[in-house]
>>> print(open('data-v6.pdb').read())   # PDB, C-alpha atoms
ATOM      1  CA  MET A  14     -28.648   1.586  -1.329
ATOM      2  CA  ALA A  15     -26.769   4.843  -1.922
ATOM      3  CA  GLU A  16     -26.064   5.120   1.819
ATOM      4  CA  ALA A  17     -24.501   1.634   1.842
ATOM      5  CA  GLN A  18     -22.284   2.558  -1.105
ATOM      6  CA  LYS A  19     -21.072   5.681   0.713
ATOM      7  CA  SER A  20     -20.152   3.531   3.689
ATOM      8  CA  LEU A  21     -18.178   1.141   1.487
ATOM      9  CA  ASN A  22     -16.315   3.987  -0.206
ATOM     10  CA  ALA A  23     -15.477   5.601   3.128
ATOM     11  CA  SER A  24     -13.829   2.384   4.307
ATOM     12  CA  LYS A  25     -11.360   2.489   1.417
ATOM     13  CA  VAL A  26      -8.877   4.854   3.019
ATOM     14  CA  HIS A  27      -5.771   5.471   0.964
ATOM     15  CA  THR A  28      -2.622   5.485   3.022
ATOM     16  CA  HIS A  29       0.847   6.790   2.308
ATOM     17  CA  TYR A  30       4.056   5.132   3.449
ATOM     18  CA  GLU A  31       7.668   6.228   3.187
ATOM     19  CA  ILE A  32      10.116   3.353   2.945
ATOM     20  CA  THR A  33      13.899   3.020   2.728
ATOM     21  CA  ARG A  34      16.107   0.798   0.571
ATOM     22  CA  GLY A  35      16.618  -1.388   3.646
ATOM     23  CA  GLU A  36      12.922  -2.371   3.434
ATOM     24  CA  LEU A  37      13.189  -3.640  -0.158
ATOM     25  CA  PRO A  38      11.889  -5.663  -1.855
ATOM     26  CA  LEU A  39       8.652  -3.784  -1.316
ATOM     27  CA  HIS A  40       5.484  -5.753  -0.859
ATOM     28  CA  CYS A  41       2.006  -4.897   0.305
ATOM     29  CA  PRO A  42       0.751  -5.507   2.880
ATOM     30  CA  MET A  43       3.859  -4.655   4.891
ATOM     31  CA  PRO A  44       4.842  -6.840   7.875
ATOM     32  CA  ASN A  45       3.728  -4.196  10.400
ATOM     33  CA  GLN A  46       0.193  -3.878   8.951
ATOM     34  CA  SER A  47      -2.828  -5.553  10.533
ATOM     35  CA  LEU A  48      -3.611  -9.020   9.280
ATOM     36  CA  TRP A  49      -7.375  -8.774   9.761
ATOM     37  CA  ASN A  50      -7.825  -6.583   6.696
ATOM     38  CA  SER A  51      -4.947  -7.756   4.542
ATOM     39  CA  HIS A  52      -5.048  -8.899   0.931
ATOM     40  CA  PRO A  53      -2.763 -11.307  -0.960
ATOM     41  CA  ARG A  54       0.880 -10.211  -0.866
ATOM     42  CA  VAL A  55       1.921  -8.347  -3.982
ATOM     43  CA  PHE A  56       5.461  -7.177  -4.731
ATOM     44  CA  LEU A  57       5.664  -3.605  -5.985
ATOM     45  CA  PRO A  58       8.403  -2.241  -8.274
ATOM     46  CA  ILE A  59       9.566   1.013  -6.715
ATOM     47  CA  GLU A  60      13.286   1.130  -7.513
ATOM     48  CA  GLU A  61      13.082   2.958 -10.863
ATOM     49  CA  THR A  62      10.556   5.709 -10.164
ATOM     50  CA  GLY A  63      10.675   5.953  -6.366
ATOM     51  CA  LYS A  64       6.887   5.558  -6.173
ATOM     52  CA  ALA A  65       4.477   2.618  -6.188
ATOM     53  CA  LYS A  66       0.766   2.050  -5.609
ATOM     54  CA  CYS A  67      -0.836  -1.191  -4.457
ATOM     55  CA  PRO A  68      -3.429  -2.465  -6.943
ATOM     56  CA  TYR A  69      -5.427  -4.108  -4.134
ATOM     57  CA  CYS A  70      -5.777  -1.459  -1.444
ATOM     58  CA  GLY A  71      -4.474   1.724  -3.087
ATOM     59  CA  ALA A  72      -1.708   2.272  -0.528
ATOM     60  CA  GLU A  73       0.947   4.591  -1.928
ATOM     61  CA  TYR A  74       4.638   4.069  -1.225
ATOM     62  CA  ILE A  75       7.502   6.526  -1.633
ATOM     63  CA  LEU A  76      11.167   5.549  -1.544
ATOM     64  CA  LYS A  77      12.843   8.064   0.785
ATOM     65  CA  ASP A  78      16.466   7.369  -0.139
ATOM     66  CA  LYS A  79      16.233   6.994  -3.913
TER      67      LYS A  79
END
>>> encode(input="data-v6.pdb", output="structure tokens")
Amino acid sequence: MAEAQKSLNASKVHTHYEITRGELPLHCPMPNQSLWNSHPRVFLPIEETGKAKCPYCGAEYILKDK
């Protein structure tokens, strides 16, 4: 059972994306991401802090031109 849990945890890879104001409003998954492993679309507030994290997949977004 512990080996199966390790496998599940390894599949949760956190990714980092840099986006520009031209890509707002920010939502995850992004249009260029694979559909086979996507989750429901969620809009992420990034304008104030310049950073956002998806509650579903853990992807982290940084606004390059804040």
>>> atom_distance(input="data-v6.pdb", atom1="CA of Gly63 in chain A", atom2="CA of His29 in chain A")
13.1 Å
>>> residues_around(input="data-v6.pdb", residues="Thr33 in chain A", least_positions_apart="5", cutoff="8 Å", atoms="only C-alpha atoms", output="PyMOL selection string")
chain A and resi 76-78
>>> residues_near_point(input="data-v6.pdb", point="(4.0, -8.4, -4.2)", cutoff="9 Å", atoms="only C-alpha atoms", output="list of chain:residue names")
A:Pro38, A:Leu39, A:His40, A:Cys41, A:Pro42, A:Pro53, A:Arg54, A:Val55, A:Phe56, A:Leu57, A:Pro58, A:Cys67
>>> resolve_selection(input="data-v6.pdb", expression="the PyMOL selection byres ((chain A and resi 64) around 8)", output="VMD selection string")
chain A and resid 59 to 60 62 to 63 65 to 66 73 to 76
>>> atom_distance(input="data-v6.pdb", atom1="CA of Ala72 in chain A", atom2="CA of Met43 in chain A")
10.4 Å
>>> atom_distance(input="data-v6.pdb", atom1="CA of Ser47 in chain A", atom2="CA of Cys70 in chain A")
13.0 Å
>>> decode(input="data-v6.pdb", residues="range 36-60 of chain A", atoms="N, CA and C atoms", output="PDB file, in the first residue's frame")
ATOM      1  N   GLU A  36      -2.666  37.636 -21.104  1.00  0.00           N
ATOM      2  CA  GLU A  36      -3.267  36.317 -20.898  1.00  0.00           C
ATOM      3  C   GLU A  36      -4.352  36.331 -19.822  1.00  0.00           C
ATOM      4  N   LEU A  37      -4.636  37.507 -19.262  1.00  0.00           N
ATOM      5  CA  LEU A  37      -5.667  37.612 -18.226  1.00  0.00           C
ATOM      6  C   LEU A  37      -7.048  37.663 -18.862  1.00  0.00           C
ATOM      7  N   PRO A  38      -8.095  37.223 -18.214  1.00  0.00           N
ATOM      8  CA  PRO A  38      -8.104  36.691 -16.857  1.00  0.00           C
ATOM      9  C   PRO A  38      -7.472  35.303 -16.814  1.00  0.00           C
ATOM     10  N   LEU A  39      -6.770  35.052 -15.742  1.00  0.00           N
ATOM     11  CA  LEU A  39      -6.066  33.783 -15.557  1.00  0.00           C
ATOM     12  C   LEU A  39      -7.032  32.698 -15.130  1.00  0.00           C
ATOM     13  N   HIS A  40      -6.927  31.570 -15.796  1.00  0.00           N
ATOM     14  CA  HIS A  40      -7.683  30.396 -15.365  1.00  0.00           C
ATOM     15  C   HIS A  40      -6.818  29.164 -15.560  1.00  0.00           C
ATOM     16  N   CYS A  41      -7.107  28.173 -14.767  1.00  0.00           N
ATOM     17  CA  CYS A  41      -6.394  26.898 -14.831  1.00  0.00           C
ATOM     18  C   CYS A  41      -7.433  25.815 -15.043  1.00  0.00           C
ATOM     19  N   PRO A  42      -7.231  24.895 -15.930  1.00  0.00           N
ATOM     20  CA  PRO A  42      -6.077  24.758 -16.806  1.00  0.00           C
ATOM     21  C   PRO A  42      -6.066  25.818 -17.905  1.00  0.00           C
ATOM     22  N   MET A  43      -4.869  26.105 -18.403  1.00  0.00           N
ATOM     23  CA  MET A  43      -4.688  27.075 -19.476  1.00  0.00           C
ATOM     24  C   MET A  43      -5.060  26.414 -20.810  1.00  0.00           C
ATOM     25  N   PRO A  44      -5.378  27.208 -21.823  1.00  0.00           N
ATOM     26  CA  PRO A  44      -5.779  26.635 -23.118  1.00  0.00           C
ATOM     27  C   PRO A  44      -4.741  25.718 -23.753  1.00  0.00           C
ATOM     28  N   ASN A  45      -3.464  25.943 -23.503  1.00  0.00           N
ATOM     29  CA  ASN A  45      -2.415  25.126 -24.125  1.00  0.00           C
ATOM     30  C   ASN A  45      -2.081  23.856 -23.338  1.00  0.00           C
ATOM     31  N   GLN A  46      -2.780  23.587 -22.239  1.00  0.00           N
ATOM     32  CA  GLN A  46      -2.503  22.394 -21.437  1.00  0.00           C
ATOM     33  C   GLN A  46      -3.332  21.215 -21.946  1.00  0.00           C
ATOM     34  N   SER A  47      -2.808  20.017 -21.741  1.00  0.00           N
ATOM     35  CA  SER A  47      -3.472  18.801 -22.200  1.00  0.00           C
ATOM     36  C   SER A  47      -4.839  18.640 -21.557  1.00  0.00           C
ATOM     37  N   LEU A  48      -5.786  18.183 -22.353  1.00  0.00           N
ATOM     38  CA  LEU A  48      -7.136  17.992 -21.847  1.00  0.00           C
ATOM     39  C   LEU A  48      -7.303  16.669 -21.102  1.00  0.00           C
ATOM     40  N   TRP A  49      -6.447  15.690 -21.373  1.00  0.00           N
ATOM     41  CA  TRP A  49      -6.642  14.372 -20.788  1.00  0.00           C
ATOM     42  C   TRP A  49      -6.518  14.384 -19.269  1.00  0.00           C
ATOM     43  N   ASN A  50      -5.771  15.327 -18.726  1.00  0.00           N
ATOM     44  CA  ASN A  50      -5.587  15.334 -17.273  1.00  0.00           C
ATOM     45  C   ASN A  50      -6.105  16.622 -16.642  1.00  0.00           C
ATOM     46  N   SER A  51      -7.022  17.288 -17.323  1.00  0.00           N
ATOM     47  CA  SER A  51      -7.488  18.569 -16.810  1.00  0.00           C
ATOM     48  C   SER A  51      -8.542  18.409 -15.713  1.00  0.00           C
ATOM     49  N   HIS A  52      -8.768  19.482 -15.012  1.00  0.00           N
ATOM     50  CA  HIS A  52      -9.767  19.548 -13.944  1.00  0.00           C
ATOM     51  C   HIS A  52     -10.746  20.650 -14.308  1.00  0.00           C
ATOM     52  N   PRO A  53     -11.802  20.866 -13.538  1.00  0.00           N
ATOM     53  CA  PRO A  53     -12.728  21.961 -13.861  1.00  0.00           C
ATOM     54  C   PRO A  53     -11.989  23.292 -13.925  1.00  0.00           C
ATOM     55  N   ARG A  54     -12.404  24.159 -14.841  1.00  0.00           N
ATOM     56  CA  ARG A  54     -11.762  25.468 -14.975  1.00  0.00           C
ATOM     57  C   ARG A  54     -12.032  26.311 -13.746  1.00  0.00           C
ATOM     58  N   VAL A  55     -10.972  26.900 -13.230  1.00  0.00           N
ATOM     59  CA  VAL A  55     -11.073  27.782 -12.071  1.00  0.00           C
ATOM     60  C   VAL A  55     -10.316  29.068 -12.409  1.00  0.00           C
ATOM     61  N   PHE A  56     -10.962  30.208 -12.156  1.00  0.00           N
ATOM     62  CA  PHE A  56     -10.316  31.496 -12.385  1.00  0.00           C
ATOM     63  C   PHE A  56      -9.512  31.877 -11.148  1.00  0.00           C
ATOM     64  N   LEU A  57      -8.298  32.367 -11.387  1.00  0.00           N
ATOM     65  CA  LEU A  57      -7.373  32.645 -10.289  1.00  0.00           C
ATOM     66  C   LEU A  57      -7.064  34.139 -10.219  1.00  0.00           C
ATOM     67  N   PRO A  58      -7.249  34.763  -9.052  1.00  0.00           N
ATOM     68  CA  PRO A  58      -6.925  36.175  -8.894  1.00  0.00           C
ATOM     69  C   PRO A  58      -5.411  36.365  -8.757  1.00  0.00           C
ATOM     70  N   ILE A  59      -4.821  37.022  -9.730  1.00  0.00           N
ATOM     71  CA  ILE A  59      -3.370  37.199  -9.722  1.00  0.00           C
ATOM     72  C   ILE A  59      -2.984  38.672  -9.797  1.00  0.00           C
ATOM     73  N   GLU A  60      -3.931  39.535 -10.120  1.00  0.00           N
ATOM     74  CA  GLU A  60      -3.627  40.940 -10.376  1.00  0.00           C
ATOM     75  C   GLU A  60      -3.011  41.669  -9.177  1.00  0.00           C
TER      76      GLU A  60
END
